[in-house]
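One file, protein.cif, carrying mmCIF, C-alpha atoms and all ligand atoms:
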data_entry
#
loop_
_atom_site.label_atom_id
_atom_site.label_comp_id
_atom_site.auth_asym_id
_atom_site.auth_seq_id
_atom_site.Cartn_x
_atom_site.Cartn_y
_atom_site.Cartn_z
CA MET A 27 0.00 0.00 0.00
CA GLN A 28 1.30 3.45 -0.95
CA GLY A 29 2.14 5.96 1.80
CA GLU A 30 0.52 9.41 1.82
CA ASN A 31 3.63 11.09 0.39
CA GLU A 32 3.69 8.73 -2.61
CA ARG A 33 0.02 9.42 -3.32
CA ILE A 34 0.66 13.15 -3.63
CA VAL A 35 0.96 14.05 -7.29
CA LEU A 36 3.14 17.03 -8.24
CA ARG A 37 2.36 18.61 -11.59
CA PRO A 38 2.20 21.93 -13.47
CA PRO A 39 -0.98 23.85 -12.64
CA LYS A 40 -3.99 24.11 -14.94
CA VAL A 41 -6.19 27.19 -15.04
CA GLU A 42 -8.80 25.12 -13.18
CA ASP A 43 -6.39 25.14 -10.19
CA GLY A 44 -6.31 28.95 -9.93
CA THR A 45 -9.12 29.20 -7.38
CA ALA A 46 -7.66 26.41 -5.21
CA ILE A 47 -4.31 28.24 -5.15
CA TRP A 48 -6.10 31.48 -4.24
CA ARG A 49 -7.83 29.62 -1.34
CA LEU A 50 -4.55 28.18 -0.06
CA VAL A 51 -3.03 31.68 -0.07
CA ARG A 52 -6.11 33.13 1.68
CA ASP A 53 -6.06 30.41 4.34
CA SER A 54 -2.28 30.57 4.93
CA GLY A 55 -2.74 33.62 7.14
CA VAL A 56 0.75 34.73 6.12
CA LEU A 57 0.91 35.17 2.36
CA ASP A 58 -0.26 38.33 0.58
CA LEU A 59 -3.56 37.48 -1.08
CA ASN A 60 -3.68 38.57 -4.72
CA SER A 61 -6.65 38.53 -7.07
CA THR A 62 -7.89 35.21 -8.47
CA TYR A 63 -7.09 36.64 -11.89
CA CYS A 64 -3.43 36.91 -10.90
CA TYR A 65 -3.32 33.19 -9.99
CA LEU A 66 -5.13 32.32 -13.22
CA LEU A 67 -2.43 34.16 -15.14
CA MET A 68 0.30 32.24 -13.31
CA CYS A 69 -1.44 28.95 -14.21
CA LYS A 70 -1.93 30.05 -17.82
CA HIS A 71 1.34 31.80 -18.69
CA PHE A 72 3.85 30.44 -16.15
CA ALA A 73 2.74 26.78 -15.73
CA ASP A 74 6.26 25.63 -16.71
CA THR A 75 7.73 27.27 -13.60
CA CYS A 76 4.80 26.66 -11.22
CA ALA A 77 3.59 23.46 -9.58
CA VAL A 78 0.73 22.12 -7.51
CA ALA A 79 0.55 19.14 -5.15
CA GLU A 80 -2.64 17.13 -5.50
CA PHE A 81 -3.83 14.63 -2.88
CA ASN A 82 -7.13 12.78 -3.15
CA GLY A 83 -8.28 15.21 -5.84
CA GLU A 84 -7.54 18.29 -3.68
CA ILE A 85 -4.80 20.87 -4.21
CA VAL A 86 -2.85 20.76 -0.92
CA GLY A 87 0.19 22.80 -1.94
CA PHE A 88 1.51 25.07 -4.65
CA VAL A 89 4.51 27.07 -5.73
CA THR A 90 4.39 30.00 -8.15
CA ALA A 91 7.67 31.05 -9.71
CA TYR A 92 9.19 32.45 -12.89
CA LEU A 93 12.48 33.28 -14.57
CA PRO A 94 12.89 37.09 -14.36
CA PRO A 95 13.24 38.44 -17.94
CA ASP A 96 16.72 39.88 -17.28
CA GLN A 97 17.95 36.98 -15.11
CA GLN A 98 17.45 33.78 -17.04
CA ASP A 99 19.83 31.93 -14.70
CA THR A 100 17.55 32.56 -11.71
CA LEU A 101 14.33 30.91 -10.57
CA PHE A 102 12.39 33.53 -8.62
CA ILE A 103 9.96 31.93 -6.17
CA TRP A 104 6.97 34.22 -5.86
CA GLN A 105 4.76 32.32 -3.39
CA ILE A 106 4.77 28.85 -1.90
CA GLY A 107 2.14 27.45 0.43
CA ILE A 108 1.16 24.10 1.91
CA ASP A 109 -2.19 23.29 3.49
CA ALA A 110 -1.77 23.45 7.28
CA SER A 111 -2.64 19.73 7.61
CA MET A 112 0.22 18.74 5.28
CA ARG A 113 3.08 20.87 6.60
CA GLY A 114 6.30 19.56 8.09
CA ARG A 115 6.60 16.46 5.91
CA GLY A 116 8.83 17.76 3.15
CA LEU A 117 6.14 18.77 0.67
CA ALA A 118 7.36 22.35 0.07
CA THR A 119 10.86 21.00 -0.55
CA ARG A 120 9.47 18.44 -3.00
CA LEU A 121 7.65 21.22 -4.90
CA LEU A 122 10.84 23.29 -5.20
CA LEU A 123 12.84 20.27 -6.39
CA GLU A 124 10.05 19.43 -8.86
CA LEU A 125 10.58 22.84 -10.50
CA LEU A 126 14.36 22.52 -10.54
CA LYS A 127 14.12 19.11 -12.25
CA ARG A 128 12.24 20.54 -15.22
CA ASP A 129 13.89 21.19 -18.54
CA VAL A 130 13.10 24.91 -18.31
CA CYS A 131 15.39 25.08 -15.23
CA ARG A 132 18.37 23.21 -16.71
CA ASP A 133 20.56 26.38 -16.81
CA ILE A 134 19.42 27.75 -13.46
CA GLN A 135 22.24 28.61 -11.06
CA PHE A 136 20.32 30.67 -8.48
CA VAL A 137 17.05 30.53 -6.58
CA ASP A 138 15.69 33.83 -5.23
CA ALA A 139 12.77 34.40 -2.88
CA THR A 140 11.69 37.21 -0.62
CA VAL A 141 10.62 36.70 2.99
CA GLY A 142 9.52 38.84 5.89
CA PRO A 143 11.79 38.83 8.98
CA SER A 144 9.23 36.91 11.07
CA ASN A 145 8.52 34.02 8.67
CA GLN A 146 10.62 31.33 10.31
CA ALA A 147 9.11 28.43 8.36
CA SER A 148 9.89 30.08 5.04
CA ARG A 149 13.42 30.91 6.14
CA ALA A 150 13.97 27.33 7.29
CA LEU A 151 12.68 26.05 3.93
CA PHE A 152 15.11 28.13 1.86
CA HIS A 153 18.08 27.54 4.19
CA SER A 154 17.37 23.82 3.90
CA LEU A 155 17.23 24.10 0.08
CA ALA A 156 20.62 25.87 0.02
CA LYS A 157 22.10 23.10 2.17
CA ARG A 158 20.63 20.44 -0.11
CA LEU A 159 22.11 22.20 -3.17
CA ASN A 160 25.41 22.49 -1.32
CA THR A 161 25.64 26.24 -1.84
CA ASP A 162 25.38 29.57 -0.05
CA LEU A 163 22.39 31.65 0.97
CA SER A 164 22.78 35.40 1.37
CA GLU A 165 20.17 37.89 2.53
CA HIS A 166 19.70 41.43 1.19
CA PRO A 167 17.16 44.24 1.63
CA TYR A 168 14.72 44.14 -1.32
CA PHE A 169 11.28 45.74 -0.81
CA GLU A 170 11.18 48.15 2.15
CA ALA A 171 8.07 48.21 4.35
CA THR A 172 7.28 51.76 3.17
CA LEU A 173 6.66 50.47 -0.37
CA PHE A 174 3.48 48.71 0.82
CA PRO A 175 0.25 50.67 1.33
CA SER A 176 -0.65 48.98 4.63
CA THR A 177 1.22 50.22 7.70
CA ASP A 178 1.75 46.73 9.16
CA HIS A 179 3.46 45.06 6.17
CA GLU A 180 6.91 43.73 6.97
CA PRO A 181 9.84 44.51 4.67
CA GLU A 182 10.62 41.75 2.18
CA ASN A 183 14.24 40.68 2.20
CA LEU A 184 15.76 38.79 -0.71
CA LEU A 185 17.12 35.32 0.04
CA HIS A 186 19.64 34.62 -2.72
CA ILE A 187 20.68 30.96 -3.09
CA GLY A 188 23.57 29.91 -5.31
CA PRO A 189 25.50 29.50 -7.44
CA PHE A 190 24.83 25.79 -7.88
CA SER A 191 24.79 23.30 -10.69
CA LEU A 192 21.94 20.86 -10.75
CA SER A 193 22.69 17.15 -10.67
CA GLN A 194 20.80 13.90 -10.10
CA GLN A 195 22.44 13.88 -6.68
CA ASN A 196 21.20 17.19 -5.27
CA LEU A 197 17.74 16.91 -6.84
CA LYS A 198 16.81 13.67 -5.06
C1 LIG B 1 6.75 27.64 4.59
C2 LIG B 1 5.98 26.38 4.18
C3 LIG B 1 5.67 26.46 2.69
C4 LIG B 1 6.89 25.15 4.46
O1 LIG B 1 6.21 23.99 3.97
P1 LIG B 1 6.55 22.52 4.50
O2 LIG B 1 6.04 21.54 3.51
O3 LIG B 1 6.10 22.38 5.90
O4 LIG B 1 8.16 22.55 4.46
P2 LIG B 1 9.13 21.26 4.46
O5 LIG B 1 8.47 20.15 5.22
O6 LIG B 1 9.58 20.99 3.08
O7 LIG B 1 10.35 21.78 5.35
C5 LIG B 1 11.53 22.35 4.80
C6 LIG B 1 12.49 22.68 5.93
O8 LIG B 1 11.94 23.75 6.72
C7 LIG B 1 11.81 23.35 8.08
N1 LIG B 1 10.56 23.91 8.59
C8 LIG B 1 9.33 23.80 8.02
N2 LIG B 1 8.43 24.45 8.79
C9 LIG B 1 9.11 24.98 9.83
C10 LIG B 1 8.71 25.76 10.94
N3 LIG B 1 7.43 26.12 11.14
N4 LIG B 1 9.67 26.15 11.83
C11 LIG B 1 10.97 25.79 11.64
N5 LIG B 1 11.40 25.04 10.59
C12 LIG B 1 10.48 24.64 9.70
C13 LIG B 1 11.77 21.82 8.05
O9 LIG B 1 12.20 21.25 9.26
C14 LIG B 1 12.72 21.53 6.89
O10 LIG B 1 14.05 21.65 7.33
P3 LIG B 1 15.09 20.39 7.14
O11 LIG B 1 15.08 20.07 5.66
O12 LIG B 1 16.39 20.96 7.62
O13 LIG B 1 14.55 19.29 7.97
C15 LIG B 1 4.67 26.20 5.01
O14 LIG B 1 4.97 26.33 6.39
C16 LIG B 1 3.59 27.22 4.66
O15 LIG B 1 2.79 26.98 3.76
N6 LIG B 1 3.56 28.37 5.38
C17 LIG B 1 2.58 29.42 5.10
C18 LIG B 1 2.90 30.13 3.80
C19 LIG B 1 4.32 30.70 3.78
O16 LIG B 1 4.80 31.24 4.76
N7 LIG B 1 5.01 30.57 2.60
C20 LIG B 1 6.38 31.03 2.43
C21 LIG B 1 6.49 32.44 2.02
S1 LIG B 1 6.44 32.63 0.25
#
What do you get writing this file as structure tokens?
Ligand SMILES: CC(C)(COP(=O)(O)OP(=O)(O)OC[C@H]1O[C@@H](n2cnc3c(N)ncnc32)[C@H](O)[C@@H]1OP(=O)(O)O)[C@@H](O)C(=O)NCCC(=O)NCCS
Amino acid sequence: MQGENERIVLRPPKVEDGTAIWRLVRDSGVLDLNSTYCYLLMCKHFADTCAVAEFNGEIVGFVTAYLPPDQQDTLFIWQIGIDASMRGRGLATRLLLELLKRDVCRDIQFVDATVGPSNQASRALFHSLAKRLNTDLSEHPYFEATLFPSTDHEPENLLHIGPFSLSQQNLK
């Protein structure tokens, strides 16, 4: 009998997944909630660099990412979220590795993501990825708090991972 982790299917998103991704973001309590239209666009135009995790017909995790137009050696992780009931069992890591295994990422040498100072789970996830890829992680100011209209938005610091070269070994 298959374990739960084996029954989770990782795949590129379809536009039909846009609302489920929007719900996961809404329910995360941490991520900035964007319009459904924005998630539909990610599913439509950036499916190659996005992924969802499906379990028993439900979307239980997602990652949205893209290659910035002027940095084709970098995978920029926009948002990643796992349903609260499925956290802490390696699913976010599996989603990130799923993207890095794709053909579109074959020349990627860096992973970038922004995080607020208080998001310990997110920090742990990206530090763990850097360790797995056997490379460095550096942190830099990116979007200051004053750039956001709400007064309680944290600054977003850039976590810059790399350089690395992808191999069968570090993508396991
Ligand atoms: C951040 C998040 C995506 C991590 O998902 P996850 O599937 O639980 O992560 P993983 O199980 O792959 O864990 C990856 C690493 O982070 C660590 N980690 C995960 N959650 C943690 C937490 N709450 N506190 C400390 N470390 C944590 C794990 O121990 C693991 O480290 P290891 O490889 O050294 O053992 C999930 O907590 C989440 O959805 N949070 C809300 C949304 C969010 O904050 N997204 C990130 C900002 S874009």
Sorted by chain and rising residue number, which residues of chain A lie within 9 Å of ligand LIG 1 (chain B), and what are their closest atom pairs and distances in Å to one decimal, counting all atoms listed in the file, as JSON lines?
{"residue": "A:Leu50", "atom": "CA", "partner": "B:LIG1", "partner_atom": "O15", "distance": 8.4}
{"residue": "A:Val51", "atom": "CA", "partner": "B:LIG1", "partner_atom": "C18", "distance": 7.2}
{"residue": "A:Asp53", "atom": "CA", "partner": "B:LIG1", "partner_atom": "C17", "distance": 8.7}
{"residue": "A:Ser54", "atom": "CA", "partner": "B:LIG1", "partner_atom": "C17", "distance": 5.0}
{"residue": "A:Gly55", "atom": "CA", "partner": "B:LIG1", "partner_atom": "C17", "distance": 7.1}
{"residue": "A:Val56", "atom": "CA", "partner": "B:LIG1", "partner_atom": "O16", "distance": 5.5}
{"residue": "A:Leu57", "atom": "CA", "partner": "B:LIG1", "partner_atom": "C18", "distance": 5.6}
{"residue": "A:Asp58", "atom": "CA", "partner": "B:LIG1", "partner_atom": "S1", "distance": 8.8}
{"residue": "A:Gly87", "atom": "CA", "partner": "B:LIG1", "partner_atom": "O15", "distance": 7.5}
{"residue": "A:Phe88", "atom": "CA", "partner": "B:LIG1", "partner_atom": "C3", "distance": 8.6}
{"residue": "A:Val89", "atom": "CA", "partner": "B:LIG1", "partner_atom": "S1", "distance": 8.4}
{"residue": "A:Ile103", "atom": "CA", "partner": "B:LIG1", "partner_atom": "S1", "distance": 7.4}
{"residue": "A:Trp104", "atom": "CA", "partner": "B:LIG1", "partner_atom": "S1", "distance": 6.3}
{"residue": "A:Gln105", "atom": "CA", "partner": "B:LIG1", "partner_atom": "S1", "distance": 4.0}
{"residue": "A:Ile106", "atom": "CA", "partner": "B:LIG1", "partner_atom": "S1", "distance": 4.7}
{"residue": "A:Gly107", "atom": "CA", "partner": "B:LIG1", "partner_atom": "O15", "distance": 3.4}
{"residue": "A:Ile108", "atom": "CA", "partner": "B:LIG1", "partner_atom": "O15", "distance": 3.8}
{"residue": "A:Asp109", "atom": "CA", "partner": "B:LIG1", "partner_atom": "O15", "distance": 6.2}
{"residue": "A:Ala110", "atom": "CA", "partner": "B:LIG1", "partner_atom": "O15", "distance": 6.8}
{"residue": "A:Met112", "atom": "CA", "partner": "B:LIG1", "partner_atom": "O2", "distance": 6.7}
{"residue": "A:Arg113", "atom": "CA", "partner": "B:LIG1", "partner_atom": "O3", "distance": 3.4}
{"residue": "A:Gly114", "atom": "CA", "partner": "B:LIG1", "partner_atom": "O3", "distance": 3.6}
{"residue": "A:Arg115", "atom": "CA", "partner": "B:LIG1", "partner_atom": "O5", "distance": 4.2}
{"residue": "A:Gly116", "atom": "CA", "partner": "B:LIG1", "partner_atom": "O5", "distance": 3.2}
{"residue": "A:Leu117", "atom": "CA", "partner": "B:LIG1", "partner_atom": "O2", "distance": 4.0}
{"residue": "A:Ala118", "atom": "CA", "partner": "B:LIG1", "partner_atom": "O2", "distance": 3.8}
{"residue": "A:Thr119", "atom": "CA", "partner": "B:LIG1", "partner_atom": "O6", "distance": 3.8}
{"residue": "A:Arg120", "atom": "CA", "partner": "B:LIG1", "partner_atom": "O6", "distance": 6.6}
{"residue": "A:Leu121", "atom": "CA", "partner": "B:LIG1", "partner_atom": "O6", "distance": 8.2}
{"residue": "A:Leu122", "atom": "CA", "partner": "B:LIG1", "partner_atom": "O6", "distance": 8.7}
{"residue": "A:Ala139", "atom": "CA", "partner": "B:LIG1", "partner_atom": "S1", "distance": 7.3}
{"residue": "A:Thr140", "atom": "CA", "partner": "B:LIG1", "partner_atom": "S1", "distance": 7.0}
{"residue": "A:Val141", "atom": "CA", "partner": "B:LIG1", "partner_atom": "C21", "distance": 6.0}
{"residue": "A:Gly142", "atom": "CA", "partner": "B:LIG1", "partner_atom": "C21", "distance": 8.1}
{"residue": "A:Asn145", "atom": "CA", "partner": "B:LIG1", "partner_atom": "O16", "distance": 6.1}
{"residue": "A:Gln146", "atom": "CA", "partner": "B:LIG1", "partner_atom": "N4", "distance": 5.5}
{"residue": "A:Ala147", "atom": "CA", "partner": "B:LIG1", "partner_atom": "C10", "distance": 3.7}
{"residue": "A:Ser148", "atom": "CA", "partner": "B:LIG1", "partner_atom": "C1", "distance": 4.0}
{"residue": "A:Arg149", "atom": "CA", "partner": "B:LIG1", "partner_atom": "O8", "distance": 7.3}
{"residue": "A:Ala150", "atom": "CA", "partner": "B:LIG1", "partner_atom": "O8", "distance": 4.2}
{"residue": "A:Leu151", "atom": "CA", "partner": "B:LIG1", "partner_atom": "O8", "distance": 3.7}
{"residue": "A:Phe152", "atom": "CA", "partner": "B:LIG1", "partner_atom": "O8", "distance": 7.3}
{"residue": "A:His153", "atom": "CA", "partner": "B:LIG1", "partner_atom": "C6", "distance": 7.6}
{"residue": "A:Ser154", "atom": "CA", "partner": "B:LIG1", "partner_atom": "O11", "distance": 4.7}
{"residue": "A:Leu155", "atom": "CA", "partner": "B:LIG1", "partner_atom": "O11", "distance": 7.2}
{"residue": "A:Lys157", "atom": "CA", "partner": "B:LIG1", "partner_atom": "O12", "distance": 8.2}
{"residue": "A:Arg158", "atom": "CA", "partner": "B:LIG1", "partner_atom": "O11", "distance": 8.0}
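Separating atom CA of A:Lys40 from atom CA of A:Pro95 is a distance of 22.6 Å.
The closest residue to A:Ala79, picked from A:Glu124, A:Glu42, A:Asp162, A:Asp96 and counting all atoms listed in the file, is A:Glu124.
Closest approach to A:His186 among A:Pro167, A:Gly29, A:Gly44, A:Gly83 is made by A:Pro167 (distances from all atoms listed in the file).
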| field | Nearby residues, (-1.3, 9.6, -5.3) file frame, 10 Å, all atoms listed in the file, as a PyMOL selection string | value | chain A and resi 28-36+79-83
| field | Long-range neighbours of stretch 131-134 of chain A as JSON, numbers by chain, 9 Å cut-off, all atoms listed in the file, 5 positions minimum in chain | value | {"A": [75, 93, 98, 99, 100, 101, 125, 126, 189, 190, 191, 192]}
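Residue nearest A:Asp138 within the list A:Lys198, A:His166, A:His71, A:Arg52: A:His166 [criterion: smallest interatomic distance, only C-alpha atoms].
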| request: Would you work out the distance separating atom CA of A:Phe136 from atom CA of A:Gly188, expressed in Å to one decimal? | output: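 Answer for the atom CA of A:Phe136 to atom CA of A:Gly188 separation: 4.6 Å.
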| task | Could you please determine the separation between atom CA of A:Gln97 and atom CA of A:Thr161 in Å, to one decimal place? | result |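 Atom CA of A:Thr161 lies 18.7 Å from atom CA of A:Gln97.
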Could you rebuild stretch 70-88 of chain A with N, CA and C atoms and give it back as a compact mmCIF listing (two decimals), in the frame of the given file?
# COMPACT_ATOMS: atom_id res chain seq x y z
N LYS A 70 -1.83 30.01 -16.36
CA LYS A 70 -1.93 30.05 -17.82
C LYS A 70 -0.57 30.31 -18.48
N HIS A 71 0.13 31.35 -18.00
CA HIS A 71 1.34 31.80 -18.69
C HIS A 71 2.63 31.26 -18.09
N PHE A 72 2.60 30.84 -16.82
CA PHE A 72 3.85 30.44 -16.15
C PHE A 72 3.78 29.01 -15.61
N ALA A 73 2.91 28.16 -16.23
CA ALA A 73 2.74 26.78 -15.73
C ALA A 73 4.07 26.01 -15.71
N ASP A 74 4.96 26.34 -16.63
CA ASP A 74 6.26 25.63 -16.71
C ASP A 74 7.11 25.83 -15.46
N THR A 75 6.91 26.96 -14.79
CA THR A 75 7.73 27.27 -13.60
C THR A 75 6.86 27.34 -12.34
N CYS A 76 5.67 26.75 -12.40
CA CYS A 76 4.80 26.66 -11.22
C CYS A 76 4.42 25.19 -11.03
N ALA A 77 4.00 24.85 -9.82
CA ALA A 77 3.59 23.46 -9.58
C ALA A 77 2.52 23.42 -8.49
N VAL A 78 1.69 22.38 -8.59
CA VAL A 78 0.73 22.12 -7.51
C VAL A 78 0.95 20.71 -7.00
N ALA A 79 0.53 20.48 -5.75
CA ALA A 79 0.55 19.14 -5.15
C ALA A 79 -0.90 18.73 -4.97
N GLU A 80 -1.26 17.59 -5.54
CA GLU A 80 -2.64 17.13 -5.50
C GLU A 80 -2.72 15.84 -4.68
N PHE A 81 -3.66 15.82 -3.74
CA PHE A 81 -3.83 14.63 -2.88
C PHE A 81 -5.33 14.34 -2.77
N ASN A 82 -5.71 13.15 -3.16
CA ASN A 82 -7.13 12.78 -3.15
C ASN A 82 -8.00 13.79 -3.90
N GLY A 83 -7.50 14.28 -5.02
CA GLY A 83 -8.28 15.21 -5.84
C GLY A 83 -8.29 16.65 -5.34
N GLU A 84 -7.58 16.92 -4.22
CA GLU A 84 -7.54 18.29 -3.68
C GLU A 84 -6.14 18.88 -3.90
N ILE A 85 -6.10 20.19 -4.14
CA ILE A 85 -4.80 20.87 -4.21
C ILE A 85 -4.38 21.21 -2.78
N VAL A 86 -3.28 20.58 -2.32
CA VAL A 86 -2.85 20.76 -0.92
C VAL A 86 -1.56 21.58 -0.82
N GLY A 87 -1.01 21.98 -1.96
CA GLY A 87 0.19 22.80 -1.94
C GLY A 87 0.45 23.36 -3.32
N PHE A 88 1.21 24.46 -3.35
CA PHE A 88 1.51 25.07 -4.65
C PHE A 88 2.80 25.86 -4.52
